[in-house]
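Undergrad: Okay, handing you the structure first.
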Amino acid sequence: MAMIYDALVVLGIWVFTIVLLVTIRGDAVVGAWVQSLLFIELFAFFAYFWIKRGQTIGMLAWRLRIVSTEPMTLRKVLMRFLGALLGGACLFIGYLWILFDAERRSWSDMLSGTHVVRDPKTPKPTKA
């Protein structure tokens, strides 16, 4: 579910980017450069949150956190991102791997030397 939350946030960022580009150009924006820009935004989203907080917006909502014996570096983030892409591209087997791994790690955890855990310190959302 955390991935769905993050996907919705990223989708919002992408829509904003496309609307801004179309507004500036006054015409449709297509091509590899647009796809590259959106891919860079995707990486930047995860890199920022994983390095700064150890959790994305979706992970925060579901009280999950990335833990590691070493600080999150750009290299670790890149390995985690590549593992996530690979795991998703292989029919999500990389994420289903947690059902078979003794330490319940996904491919992105294994590649980056990290682990996702429940974070009891994250405050529960208050009911309005």
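So you can find residues: chains in the structure tokens are A, B, ... in the order shown, residues in each start at 1, and ligands are numbered from 1 in order.
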Can you pull out the residues contacting region 112-119 of chain A? Cut-off 10 Å, using only C-alpha atoms, and skip same-chain residues under 3 positions away; I want them as an mmCIF file with N, CA and C atoms, in the first residue's frame.
TA:
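Written out: result_36.cif:
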data_model
loop_
_atom_site.group_PDB
_atom_site.id
_atom_site.type_symbol
_atom_site.label_atom_id
_atom_site.label_comp_id
_atom_site.auth_asym_id
_atom_site.auth_seq_id
_atom_site.Cartn_x
_atom_site.Cartn_y
_atom_site.Cartn_z
ATOM 1 N N GLY A 54 14.631 8.505 5.594
ATOM 2 C CA GLY A 54 14.636 7.050 5.701
ATOM 3 C C GLY A 54 13.278 6.454 5.395
ATOM 4 N N GLN A 55 12.371 7.273 4.892
ATOM 5 C CA GLN A 55 11.037 6.800 4.544
ATOM 6 C C GLN A 55 10.391 7.791 3.584
ATOM 7 N N MET A 59 5.563 5.340 2.976
ATOM 8 C CA MET A 59 6.125 4.583 4.099
ATOM 9 C C MET A 59 5.753 5.243 5.426
ATOM 10 N N LEU A 60 5.727 6.569 5.445
ATOM 11 C CA LEU A 60 5.334 7.300 6.649
ATOM 12 C C LEU A 60 3.898 6.961 7.019
ATOM 13 N N TRP A 62 2.255 4.304 6.358
ATOM 14 C CA TRP A 62 2.126 2.914 6.790
ATOM 15 C C TRP A 62 3.111 2.552 7.893
ATOM 16 N N ARG A 63 3.774 3.579 8.444
ATOM 17 C CA ARG A 63 4.712 3.415 9.560
ATOM 18 C C ARG A 63 5.811 2.415 9.250
ATOM 19 N N LEU A 64 6.432 2.611 8.084
ATOM 20 C CA LEU A 64 7.569 1.790 7.676
ATOM 21 C C LEU A 64 8.798 2.685 7.590
ATOM 22 N N ARG A 65 9.963 2.105 7.779
ATOM 23 C CA ARG A 65 11.203 2.863 7.719
ATOM 24 C C ARG A 65 12.306 1.977 7.159
ATOM 25 N N ILE A 66 13.225 2.596 6.433
ATOM 26 C CA ILE A 66 14.396 1.889 5.934
ATOM 27 C C ILE A 66 15.494 2.002 6.987
ATOM 28 N N VAL A 67 16.057 0.865 7.358
ATOM 29 C CA VAL A 67 17.167 0.878 8.305
ATOM 30 C C VAL A 67 18.396 0.278 7.631
ATOM 31 N N SER A 68 19.546 0.744 8.089
ATOM 32 C CA SER A 68 20.809 0.297 7.537
ATOM 33 C C SER A 68 21.874 0.475 8.602
ATOM 34 N N THR A 69 22.907 -0.343 8.534
ATOM 35 C CA THR A 69 24.007 -0.201 9.486
ATOM 36 C C THR A 69 24.850 1.024 9.177
ATOM 37 N N GLU A 70 24.755 1.519 7.943
ATOM 38 C CA GLU A 70 25.488 2.702 7.522
ATOM 39 C C GLU A 70 24.498 3.762 7.074
ATOM 40 N N PRO A 71 24.912 5.033 7.065
ATOM 41 C CA PRO A 71 24.008 6.086 6.586
ATOM 42 C C PRO A 71 23.616 5.860 5.124
ATOM 43 N N MET A 72 22.429 6.341 4.772
ATOM 44 C CA MET A 72 21.974 6.247 3.382
ATOM 45 C C MET A 72 22.793 7.216 2.543
ATOM 46 N N THR A 73 23.453 6.693 1.549
ATOM 47 C CA THR A 73 24.241 7.504 0.630
ATOM 48 C C THR A 73 23.565 7.468 -0.736
ATOM 49 N N ARG A 75 24.851 6.346 -3.368
ATOM 50 C CA ARG A 75 25.139 5.022 -3.942
ATOM 51 C C ARG A 75 24.132 3.983 -3.448
ATOM 52 N N LYS A 76 23.848 3.992 -2.139
ATOM 53 C CA LYS A 76 22.864 3.062 -1.581
ATOM 54 C C LYS A 76 21.481 3.310 -2.182
ATOM 55 N N VAL A 77 21.141 4.590 -2.320
ATOM 56 C CA VAL A 77 19.852 4.950 -2.903
ATOM 57 C C VAL A 77 19.768 4.455 -4.344
ATOM 58 N N LEU A 78 20.848 4.645 -5.097
ATOM 59 C CA LEU A 78 20.862 4.190 -6.489
ATOM 60 C C LEU A 78 20.687 2.673 -6.562
ATOM 61 N N MET A 79 21.371 1.935 -5.707
ATOM 62 C CA MET A 79 21.238 0.472 -5.698
ATOM 63 C C MET A 79 19.820 0.059 -5.299
ATOM 64 N N ARG A 80 19.247 0.755 -4.319
ATOM 65 C CA ARG A 80 17.881 0.452 -3.886
ATOM 66 C C ARG A 80 16.882 0.759 -5.011
ATOM 67 N N PHE A 81 17.090 1.877 -5.689
ATOM 68 C CA PHE A 81 16.224 2.277 -6.796
ATOM 69 C C PHE A 81 16.309 1.268 -7.932
ATOM 70 N N LEU A 82 17.523 0.857 -8.296
ATOM 71 C CA LEU A 82 17.692 -0.139 -9.360
ATOM 72 C C LEU A 82 17.063 -1.472 -8.969
ATOM 73 N N GLY A 83 17.211 -1.862 -7.713
ATOM 74 C CA GLY A 83 16.577 -3.088 -7.225
ATOM 75 C C GLY A 83 15.065 -3.004 -7.292
ATOM 76 N N GLU A 103 15.148 -13.150 6.090
ATOM 77 C CA GLU A 103 15.155 -11.838 6.737
ATOM 78 C C GLU A 103 14.062 -10.912 6.182
ATOM 79 N N ARG A 104 13.191 -11.460 5.331
ATOM 80 C CA ARG A 104 12.070 -10.725 4.723
ATOM 81 C C ARG A 104 12.553 -9.491 3.964
ATOM 82 N N ARG A 105 13.596 -9.681 3.135
ATOM 83 C CA ARG A 105 14.146 -8.592 2.337
ATOM 84 C C ARG A 105 13.709 -8.715 0.886
ATOM 85 N N SER A 106 13.450 -7.564 0.275
ATOM 86 C CA SER A 106 13.171 -7.520 -1.157
ATOM 87 C C SER A 106 14.498 -7.419 -1.895
ATOM 88 N N TRP A 107 14.435 -7.479 -3.225
ATOM 89 C CA TRP A 107 15.666 -7.351 -4.010
ATOM 90 C C TRP A 107 16.315 -5.996 -3.775
ATOM 91 N N SER A 108 15.504 -4.952 -3.632
ATOM 92 C CA SER A 108 16.081 -3.623 -3.396
ATOM 93 C C SER A 108 16.782 -3.563 -2.044
ATOM 94 N N ASP A 109 16.261 -4.259 -1.045
ATOM 95 C CA ASP A 109 16.945 -4.344 0.251
ATOM 96 C C ASP A 109 18.282 -5.058 0.106
ATOM 97 N N THR A 122 6.972 6.345 14.549
ATOM 98 C CA THR A 122 6.215 7.215 13.659
ATOM 99 C C THR A 122 4.836 7.425 14.279
ATOM 100 N N PRO A 123 4.436 8.680 14.459
ATOM 101 C CA PRO A 123 3.136 8.921 15.088
ATOM 102 C C PRO A 123 1.982 8.419 14.235
#
Undergrad: Enumerate as a tab-separated table (two decimals) with C-alpha atoms, in the first residue's frame all residues of region 7-113 of chain A assigned to helix (DSSP H, G or I) by DSSP on the backbone, naming them with the chain letters and numbers the document uses.
TA:
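Below is the file out-v5.tsv, written as the result:
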chain	number	residue	atom	x	y	z
A	7	ALA	CA	2.86	6.28	-6.90
A	8	LEU	CA	0.00	8.75	-6.43
A	9	VAL	CA	2.38	11.44	-5.16
A	10	VAL	CA	4.80	10.85	-8.05
A	11	LEU	CA	1.89	10.90	-10.50
A	12	GLY	CA	0.87	14.29	-9.11
A	13	ILE	CA	4.42	15.59	-9.57
A	14	TRP	CA	4.45	14.29	-13.14
A	15	VAL	CA	1.09	15.89	-13.97
A	16	PHE	CA	2.31	19.21	-12.58
A	17	THR	CA	5.51	18.95	-14.67
A	18	ILE	CA	3.64	18.12	-17.88
A	19	VAL	CA	1.09	20.91	-17.35
A	20	LEU	CA	3.91	23.38	-16.66
A	21	LEU	CA	5.83	22.31	-19.78
A	22	VAL	CA	2.74	22.44	-21.98
A	23	THR	CA	1.91	25.89	-20.59
A	24	ILE	CA	5.43	27.18	-21.25
A	25	ARG	CA	5.68	25.71	-24.77
A	32	ALA	CA	12.77	11.07	-24.96
A	33	TRP	CA	13.70	14.29	-23.16
A	34	VAL	CA	10.28	14.40	-21.42
A	35	GLN	CA	10.52	10.75	-20.45
A	36	SER	CA	14.05	11.33	-19.15
A	37	LEU	CA	12.89	14.31	-17.10
A	38	LEU	CA	10.07	12.29	-15.54
A	39	PHE	CA	12.47	9.44	-14.77
A	40	ILE	CA	14.87	11.87	-13.08
A	41	GLU	CA	11.97	13.24	-11.04
A	42	LEU	CA	11.08	9.70	-9.97
A	43	PHE	CA	14.64	9.02	-8.82
A	44	ALA	CA	14.89	12.43	-7.10
A	45	PHE	CA	11.66	11.79	-5.17
A	46	PHE	CA	12.93	8.53	-3.71
A	47	ALA	CA	16.50	9.74	-3.23
A	48	TYR	CA	15.36	12.80	-1.28
A	49	PHE	CA	13.06	10.93	1.08
A	50	TRP	CA	15.30	7.89	1.60
A	51	ILE	CA	18.33	10.05	2.40
A	52	LYS	CA	16.55	12.77	4.39
A	57	ILE	CA	5.42	9.63	2.18
A	58	GLY	CA	3.78	6.25	1.63
A	59	MET	CA	6.13	4.58	4.10
A	60	LEU	CA	5.33	7.30	6.65
A	61	ALA	CA	1.61	6.65	6.27
A	74	LEU	CA	23.49	8.32	-2.97
A	75	ARG	CA	25.14	5.02	-3.94
A	76	LYS	CA	22.86	3.06	-1.58
A	77	VAL	CA	19.85	4.95	-2.90
A	78	LEU	CA	20.86	4.19	-6.49
A	79	MET	CA	21.24	0.47	-5.70
A	80	ARG	CA	17.88	0.45	-3.89
A	81	PHE	CA	16.22	2.28	-6.80
A	82	LEU	CA	17.69	-0.14	-9.36
A	83	GLY	CA	16.58	-3.09	-7.23
A	84	ALA	CA	13.08	-1.64	-7.05
A	85	LEU	CA	12.95	-1.16	-10.83
A	86	LEU	CA	14.27	-4.67	-11.44
A	87	GLY	CA	11.92	-6.21	-8.88
A	88	GLY	CA	8.93	-4.44	-10.41
A	89	ALA	CA	9.92	-5.22	-13.98
A	93	ILE	CA	8.95	-11.01	-7.99
A	94	GLY	CA	11.55	-8.74	-6.38
A	95	TYR	CA	8.93	-7.65	-3.85
A	96	LEU	CA	7.34	-11.07	-3.45
A	97	TRP	CA	10.83	-12.27	-2.54
A	98	ILE	CA	10.17	-11.13	1.04
A	99	LEU	CA	7.87	-14.15	1.40
A	107	TRP	CA	15.67	-7.35	-4.01
A	108	SER	CA	16.08	-3.62	-3.40
A	109	ASP	CA	16.94	-4.34	0.25
A	110	MET	CA	19.48	-6.97	-0.78
A	111	LEU	CA	21.18	-4.75	-3.37
A	112	SER	CA	21.41	-1.73	-1.07
Undergrad: Which residue out of A:Cys90, A:Thr56, A:Asp27, A:Phe100 has the minimum interatomic distance to Met3 (chain A) when only C-alpha atoms are used?
TA: A:Thr56
